[in-house]
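Q: Have a peek at upload.cif (mmCIF, C-alpha atoms).
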data_input
loop_
_atom_site.label_atom_id
_atom_site.label_comp_id
_atom_site.auth_asym_id
_atom_site.auth_seq_id
_atom_site.Cartn_x
_atom_site.Cartn_y
_atom_site.Cartn_z
CA ASN A 1 174.58 90.54 -38.49
CA LYS A 2 171.31 92.48 -38.67
CA LEU A 3 169.45 89.61 -36.96
CA MET A 4 171.50 89.95 -33.81
CA GLU A 5 171.97 93.72 -33.57
CA PRO A 6 169.68 95.43 -31.05
CA PRO A 7 168.16 98.80 -32.09
CA ALA A 8 170.16 101.84 -31.14
CA ASN A 9 167.19 103.29 -29.29
CA LEU A 10 164.12 101.70 -27.75
CA GLY A 11 161.28 102.11 -30.24
CA ASP A 12 163.50 102.35 -33.33
CA TYR A 13 162.42 98.84 -34.33
CA PRO A 14 159.96 97.94 -35.61
CA LYS A 15 158.84 101.09 -37.40
CA LEU A 16 155.11 101.73 -36.94
CA MET A 17 152.62 103.91 -38.81
CA PRO A 18 148.90 104.67 -38.58
CA LEU A 19 146.72 101.72 -39.63
CA LYS A 20 144.91 103.96 -42.13
CA GLU A 21 148.20 104.61 -43.92
CA VAL A 22 149.04 100.87 -43.89
CA MET A 23 145.77 100.11 -45.67
CA GLU A 24 146.19 102.97 -48.12
CA ILE A 25 149.59 101.65 -49.21
CA TRP A 26 148.05 98.24 -50.01
CA PRO A 27 144.23 98.03 -49.85
CA GLN A 28 143.04 94.76 -48.35
CA ASP A 29 140.99 93.62 -51.35
CA ASP A 30 143.42 94.70 -54.04
CA LEU A 31 145.47 91.50 -53.82
CA ASP A 32 146.54 91.54 -57.46
CA ASN A 33 148.09 94.99 -57.25
CA PRO A 34 150.55 95.05 -54.36
CA PRO A 35 152.91 97.99 -54.01
CA VAL A 36 156.17 97.69 -55.92
CA PRO A 37 158.31 96.99 -54.06
CA ILE A 38 156.34 95.56 -51.15
CA ARG A 39 157.35 97.48 -48.06
CA GLU A 40 158.91 95.33 -45.35
CA ASP A 41 159.36 96.80 -41.88
CA LEU A 42 160.44 93.58 -40.17
CA ILE A 43 163.73 91.77 -40.49
CA HIS A 44 163.14 88.38 -42.11
CA PHE A 45 165.10 85.26 -41.22
CA ASP A 46 166.25 83.59 -44.44
CA PHE A 47 167.11 79.87 -44.36
CA ASN A 48 168.84 80.35 -47.72
CA SER A 49 171.28 82.85 -46.23
CA PRO A 50 174.44 81.33 -44.70
CA GLU A 51 174.92 84.56 -42.73
CA ASP A 52 171.45 84.32 -41.18
CA MET A 53 171.92 80.65 -40.33
CA GLU A 54 175.25 81.38 -38.68
CA ALA A 55 173.84 84.32 -36.72
CA ALA A 56 171.00 82.14 -35.42
CA GLY A 57 173.44 79.47 -34.31
CA VAL A 58 171.88 76.80 -36.54
CA PRO A 59 174.41 74.11 -37.58
CA THR A 60 174.35 73.92 -41.36
CA SER A 61 174.85 71.05 -43.76
CA SER A 62 177.37 71.24 -46.54
CA GLY A 63 176.42 70.51 -50.10
CA VAL A 64 177.54 70.67 -53.70
CA ALA A 65 175.94 71.67 -56.99
CA GLN A 66 176.31 69.37 -59.97
CA GLU A 67 175.81 70.52 -63.53
CA SER A 68 175.04 68.69 -66.74
CA PRO A 69 174.96 69.99 -70.34
CA ASP A 70 171.31 68.89 -70.48
CA ASN A 71 168.71 67.58 -68.02
CA TYR A 72 170.16 64.05 -67.72
CA PHE A 73 172.41 63.24 -64.77
CA ALA A 74 174.28 59.95 -65.06
CA TRP A 75 175.85 58.90 -61.76
CA TYR A 76 179.50 57.93 -61.70
CA GLN A 77 182.24 57.44 -59.12
CA ALA A 78 184.54 60.37 -59.74
CA GLY A 79 187.64 58.76 -58.27
CA VAL A 80 187.43 55.84 -60.70
CA TRP A 81 186.56 57.77 -63.86
CA ASP A 82 189.54 57.83 -66.24
CA VAL A 83 189.34 60.81 -68.58
CA ASP A 84 192.00 59.47 -70.93
CA SER A 85 190.12 56.26 -71.69
CA MET A 86 186.52 57.33 -70.99
CA GLY A 87 186.46 60.96 -72.09
CA VAL A 88 184.78 63.86 -70.30
CA PRO A 89 182.53 62.67 -67.45
CA PRO A 90 178.77 63.17 -67.89
CA THR A 91 178.45 65.74 -65.09
CA ARG A 92 180.72 67.90 -62.94
CA ASN A 93 180.62 69.75 -59.65
CA ASN A 94 180.70 73.54 -59.65
CA ASP A 95 181.12 76.25 -57.02
CA TRP A 96 177.51 77.39 -56.77
CA SER A 97 176.05 78.20 -53.38
CA PHE A 98 172.65 76.83 -52.46
CA ALA A 99 171.18 80.31 -52.88
CA LYS A 100 172.49 80.54 -56.45
CA TRP A 101 171.18 77.05 -57.24
CA ALA A 102 167.75 77.97 -55.82
CA GLN A 103 167.67 81.12 -57.95
CA HIS A 104 168.32 79.10 -61.09
CA ALA A 105 165.71 76.49 -60.07
CA ARG A 106 163.09 79.22 -59.76
CA TYR A 107 164.13 80.49 -63.18
CA ALA A 108 163.78 76.96 -64.61
CA ASP A 109 160.22 76.79 -63.31
CA ARG A 110 159.37 80.22 -64.60
CA VAL A 111 160.59 79.74 -68.17
CA GLY A 112 160.02 75.98 -68.52
CA LEU A 113 163.72 75.27 -69.05
CA ASP A 114 164.30 73.22 -72.20
CA ALA A 115 165.62 69.69 -71.69
CA ASN A 116 168.67 70.42 -73.83
CA GLN A 117 169.78 73.43 -71.78
CA PRO A 118 172.29 73.08 -68.88
CA HIS A 119 170.68 71.89 -65.65
CA PHE A 120 171.83 72.00 -62.04
CA TYR A 121 171.32 69.58 -59.16
CA TRP A 122 172.10 70.35 -55.49
CA GLN A 123 173.08 67.47 -53.22
CA SER A 124 173.56 67.49 -49.48
CA GLY A 125 172.98 65.36 -46.40
CA VAL A 126 174.39 64.27 -43.06
CA GLU A 127 176.69 61.45 -42.03
CA LYS A 128 175.34 58.46 -40.10
CA GLU A 129 177.38 59.44 -37.02
CA GLU A 130 175.50 62.71 -36.51
CA ARG A 131 172.48 61.06 -34.87
CA PHE A 132 174.69 59.94 -31.98
CA LYS A 133 175.78 63.50 -31.17
CA ASP A 134 174.11 65.85 -28.72
CA GLU A 135 170.97 67.13 -30.47
CA ARG A 136 172.21 70.69 -30.00
CA ASP A 137 174.98 69.82 -32.46
CA TRP A 138 172.65 68.35 -35.09
CA THR A 139 172.33 70.14 -38.41
CA PHE A 140 168.84 71.33 -39.31
CA VAL A 141 168.46 68.25 -41.54
CA SER A 142 168.57 65.91 -38.55
CA ARG A 143 166.53 68.31 -36.42
CA ASP A 144 163.77 68.65 -39.00
CA LEU A 145 163.68 64.92 -39.81
CA PRO A 146 163.90 63.21 -36.40
CA SER A 147 162.28 60.00 -37.69
CA LEU A 148 165.05 59.59 -40.26
CA SER A 149 167.83 60.44 -37.80
CA ALA A 150 166.53 58.20 -35.00
CA THR A 151 168.67 55.55 -33.32
CA GLU A 152 165.75 53.19 -32.70
CA GLU A 153 163.53 51.31 -35.13
CA ASN A 154 160.46 53.19 -36.37
CA PHE A 155 158.19 53.33 -39.40
CA PHE A 156 160.97 54.83 -41.54
CA LEU A 157 163.95 52.89 -40.18
CA PHE A 158 163.94 49.12 -40.55
CA GLN A 159 167.38 48.45 -39.07
CA PRO A 160 168.77 51.63 -37.47
CA GLU A 161 172.18 50.05 -36.97
CA PHE A 162 172.56 49.94 -40.77
CA GLN A 163 171.40 53.50 -41.39
CA LYS A 164 173.85 55.18 -43.79
CA GLY A 165 173.03 58.81 -43.08
CA ILE A 166 170.43 61.06 -44.65
CA GLN A 167 170.80 62.01 -48.31
CA CYS A 168 169.02 65.13 -49.58
CA ARG A 169 168.56 65.96 -53.25
CA PHE A 170 167.34 69.30 -54.58
CA GLY A 171 166.27 69.13 -58.19
CA GLU A 172 165.21 71.81 -60.61
CA ARG A 173 162.58 71.26 -63.28
CA GLY A 174 163.61 68.48 -65.66
CA VAL A 175 166.62 67.15 -63.74
CA THR A 176 166.64 63.39 -64.36
CA ALA A 177 168.71 60.86 -62.42
CA ALA A 178 169.76 57.65 -64.20
CA THR A 179 168.09 54.40 -63.22
CA HIS A 180 169.89 52.39 -60.56
CA PHE A 181 169.29 50.15 -57.58
CA ASP A 182 170.31 50.38 -53.93
CA GLY A 183 170.78 47.46 -51.58
CA GLY A 184 169.25 49.19 -48.55
CA ARG A 185 165.51 49.51 -48.07
CA ASN A 186 164.83 53.11 -48.97
CA MET A 187 162.37 55.64 -47.55
CA VAL A 188 162.11 58.81 -49.65
CA ALA A 189 160.39 61.85 -48.12
CA MET A 190 159.40 64.77 -50.35
CA MET A 191 159.87 68.11 -48.59
CA THR A 192 158.64 70.41 -51.33
CA GLY A 193 157.76 70.25 -55.00
CA ALA A 194 157.28 66.97 -56.82
CA LYS A 195 159.32 64.25 -58.51
CA ARG A 196 158.31 61.49 -60.90
CA TYR A 197 159.68 58.05 -60.06
CA ILE A 198 159.76 55.24 -62.63
CA LEU A 199 160.29 51.93 -60.83
CA SER A 200 161.21 48.51 -62.20
CA PRO A 201 161.54 45.27 -60.22
CA PRO A 202 164.87 43.49 -59.74
CA ARG A 203 164.05 40.79 -62.30
CA GLU A 204 164.30 43.42 -65.07
CA CYS A 205 168.00 44.02 -64.39
CA GLY A 206 169.19 42.54 -67.68
CA LYS A 207 167.01 44.87 -69.75
CA LEU A 208 167.97 48.23 -68.28
CA GLY A 209 171.58 48.60 -69.36
CA ILE A 210 172.90 48.32 -65.82
CA VAL A 211 176.69 48.42 -65.63
CA THR A 212 177.63 45.21 -63.82
CA ALA A 213 181.42 45.45 -63.50
CA ARG A 214 182.33 46.38 -59.93
CA ASN A 215 185.43 48.31 -61.01
CA ASN A 216 183.46 50.48 -63.44
CA PRO A 217 182.63 54.03 -62.23
CA ILE A 218 179.01 53.54 -63.36
CA PHE A 219 178.52 50.30 -61.35
CA ARG A 220 174.87 49.59 -60.36
CA HIS A 221 173.68 52.39 -62.65
CA SER A 222 172.66 52.73 -66.27
CA LEU A 223 173.67 55.35 -68.83
CA LEU A 224 170.41 54.98 -70.74
CA ASN A 225 168.30 58.12 -71.04
CA PHE A 226 164.78 56.69 -71.14
CA GLY A 227 163.52 59.98 -72.57
CA HIS A 228 165.09 58.87 -75.84
CA LEU A 229 162.43 56.14 -76.09
CA ASN A 230 160.21 58.91 -77.46
CA HIS A 231 162.74 59.67 -80.20
CA MET A 232 163.46 56.27 -81.70
CA ASP A 233 162.97 57.74 -85.19
CA ASP A 234 166.05 59.92 -84.72
CA THR A 235 168.43 58.69 -87.42
CA SER A 236 171.44 60.13 -85.58
CA MET A 237 170.95 57.83 -82.59
CA PRO A 238 173.91 55.45 -82.16
CA GLU A 239 172.97 51.89 -83.03
CA ASP A 240 174.09 50.42 -79.72
CA GLU A 241 171.94 52.94 -77.84
CA ARG A 242 168.98 52.10 -80.07
CA GLU A 243 169.38 48.37 -79.39
CA TRP A 244 169.57 48.90 -75.64
CA LEU A 245 166.58 51.25 -75.64
CA GLU A 246 164.51 48.75 -77.63
CA LEU A 247 165.28 46.17 -74.95
CA ALA A 248 164.71 48.62 -72.07
CA GLY A 249 161.36 49.54 -73.58
CA THR A 250 160.13 46.00 -72.90
CA ALA A 251 161.02 46.14 -69.18
CA ALA A 252 158.14 46.08 -66.71
CA ALA A 253 157.79 49.45 -64.99
CA LEU A 254 155.44 51.78 -63.17
CA SER A 255 155.30 55.55 -62.80
CA THR A 256 154.36 57.55 -59.70
CA VAL A 257 154.57 61.21 -58.73
CA LEU A 258 155.83 61.87 -55.21
CA LYS A 259 154.47 65.16 -53.86
CA ALA A 260 155.32 67.33 -50.87
CA GLY A 261 154.41 65.61 -47.61
CA GLU A 262 154.47 62.11 -49.11
CA VAL A 263 156.92 59.26 -48.49
CA LEU A 264 157.84 56.60 -51.03
CA TYR A 265 159.12 53.17 -50.01
CA ILE A 266 161.56 51.63 -52.48
CA PRO A 267 162.35 47.99 -51.62
CA SER A 268 165.89 46.64 -51.81
CA HIS A 269 167.21 46.18 -55.36
CA TRP A 270 164.28 47.90 -57.11
CA PHE A 271 165.38 50.20 -59.92
CA HIS A 272 164.37 53.85 -59.75
CA TYR A 273 164.63 56.57 -62.41
CA ILE A 274 163.79 60.05 -61.15
CA THR A 275 162.69 63.31 -62.80
CA SER A 276 162.04 66.56 -60.96
CA VAL A 277 158.69 67.91 -62.13
CA GLN A 278 159.49 71.30 -60.59
CA LYS A 279 161.88 72.83 -58.05
CA SER A 280 161.93 70.14 -55.40
CA ALA A 281 163.61 68.89 -52.27
CA GLN A 282 163.67 65.28 -51.13
CA CYS A 283 165.52 63.47 -48.36
CA ASN A 284 165.89 59.74 -48.01
CA VAL A 285 167.30 57.19 -45.61
CA ARG A 286 168.33 53.57 -46.24
CA SER A 287 168.57 50.96 -43.50
CA GLY A 288 169.06 47.25 -43.87
CA ILE A 289 169.03 44.95 -46.88
CA ASP A 290 166.25 42.55 -47.80
CA LYS A 291 167.96 39.66 -49.59
CA GLU A 292 164.87 37.47 -49.91
CA GLY A 293 163.01 39.62 -52.40
CA ASP A 294 159.88 38.26 -54.01
CA GLU A 295 159.25 35.25 -56.23
CA VAL A 296 157.26 37.42 -58.65
CA PHE A 297 159.31 40.62 -58.80
CA GLY A 298 162.71 39.19 -57.93
CA GLY A 299 165.33 40.39 -55.50
CA TYR A 300 168.98 40.15 -54.53
CA ASP A 301 169.65 37.05 -56.65
CA ASP A 302 168.29 38.75 -59.77
CA VAL A 303 170.64 41.75 -59.58
CA THR A 304 173.67 39.68 -58.62
CA ASN A 305 173.97 36.09 -59.75
CA LYS A 306 171.52 36.42 -62.67
CA CYS A 307 172.55 39.88 -63.86
CA MET A 308 176.17 40.36 -62.86
CA PRO A 309 178.98 38.03 -63.86
CA GLY A 310 180.31 36.51 -60.66
CA GLY A 311 177.69 38.31 -58.56
CA MET A 312 178.32 41.29 -56.31
#
As structure tokens, please, write out the structure in this file.
A:
Amino acid sequence: NKLMEPPANLGDYPKLMPLKEVMEIWPQDDLDNPPVPIREDLIHFDFNSPEDMEAAGVPTSSGVAQESPDNYFAWYQAGVWDVDSMGVPPTRNNDWSFAKWAQHARYADRVGLDANQPHFYWQSGVEKEERFKDERDWTFVSRDLPSLSATEENFFLFQPEFQKGIQCRFGERGVTAATHFDGGRNMVAMMTGAKRYILSPPRECGKLGIVTARNNPIFRHSLLNFGHLNHMDDTSMPEDEREWLELAGTAAALSTVLKAGEVLYIPSHWFHYITSVQKSAQCNVRSGIDKEGDEVFGGYDDVTNKCMPGGM
């Protein structure tokens, strides 16, 4: 690998030239007219390159790209989805590398990818056991997010013993994840870009179209695309979808935009519906369940006994 190969002769690298010539190639104050292509005389380390990461000895995380025929990504448990009775699943995994996904995400930003065009969503993370390994064996996710991979309680970890690993989601412009709830108290850290979160309290469970059957591959999630609330005059909308959207439209909710460097706390059993505003990367960690909830907003009882037949 070029990163690890020493120059054949001392002085071969880096290539130098007179300062006057450097400034003639790209005058200091002519920022809007750089040379094409920009000359690079140094080897650059590229985090997006598996070869560079391997050469540097950085343990890498595995991941997978999901694709959807439009910008809506409905979660489902693949092993439980029955194609014969349920049809084609809403999304599928493909063989894209992270670099290819990132290229398409930049394209989506550049052209303002239409909501009805295919979209792609990269997902990665680390298992909960990694934090107990020697730090030299940590992937860069654990190394870069030590507060999330800690083994002791801190601001981000409520009950470290119940930490379920670190989940990282890389969204391109428009990618929207279906509303759902998680039992664990959730800390979501935005690495880059921005995502819009629409939150609803547990007491709104019955209005959001949440699938309540434990043996259903959509369990704890909804199939409702809330973007369709802006198209209720569409005469081709199925009647059952229209009825559910009319009900969902009455649910109490709030909207917030999580930007790079910010952390969002999502309490146990709160519903969250997420849209990537631009190419973005976010990692989150869940640790411990709050079953008490709140007498105003609801909690565990509202998403189990009151919303799900027979509870969870």
Q: For CA of Asn305 (chain A) and CA of Thr176 (chain A), determine how far apart the two atoms are, in Å to one decimal place.
A: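 These atoms are spaced 28.6 Å apart.
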Q: Given the PyMOL selection byres ((chain A and resi 121) around 12) and the file above, list the residues it selects as a ChimeraX atom specification.
A: /A:63-75,91-94,96-98,100-102,104-105,108,118-120,122-124,168-177,275-276,279-282
Q: Taking into account all atoms listed in the file, which residue in the set A:Ile289, A:Leu208, A:Leu223, A:Met190 is nearest to Lys164 (chain A)?
A: A:Ile289
Q: Which residues fall under the PyMOL selection byres ((chain A and resi 13-26) around 10) in this file, as a PyMOL selection string?
A: chain A and resi 6-12+27-31+33-35+38-43
Q: Within 8 Å of Arg196 (chain A), counting only C-alpha atoms, which residues qualify if same-chain residues fewer than 5 places away don't, as a ChimeraX atom specification?
A: /A:255-258,274-277
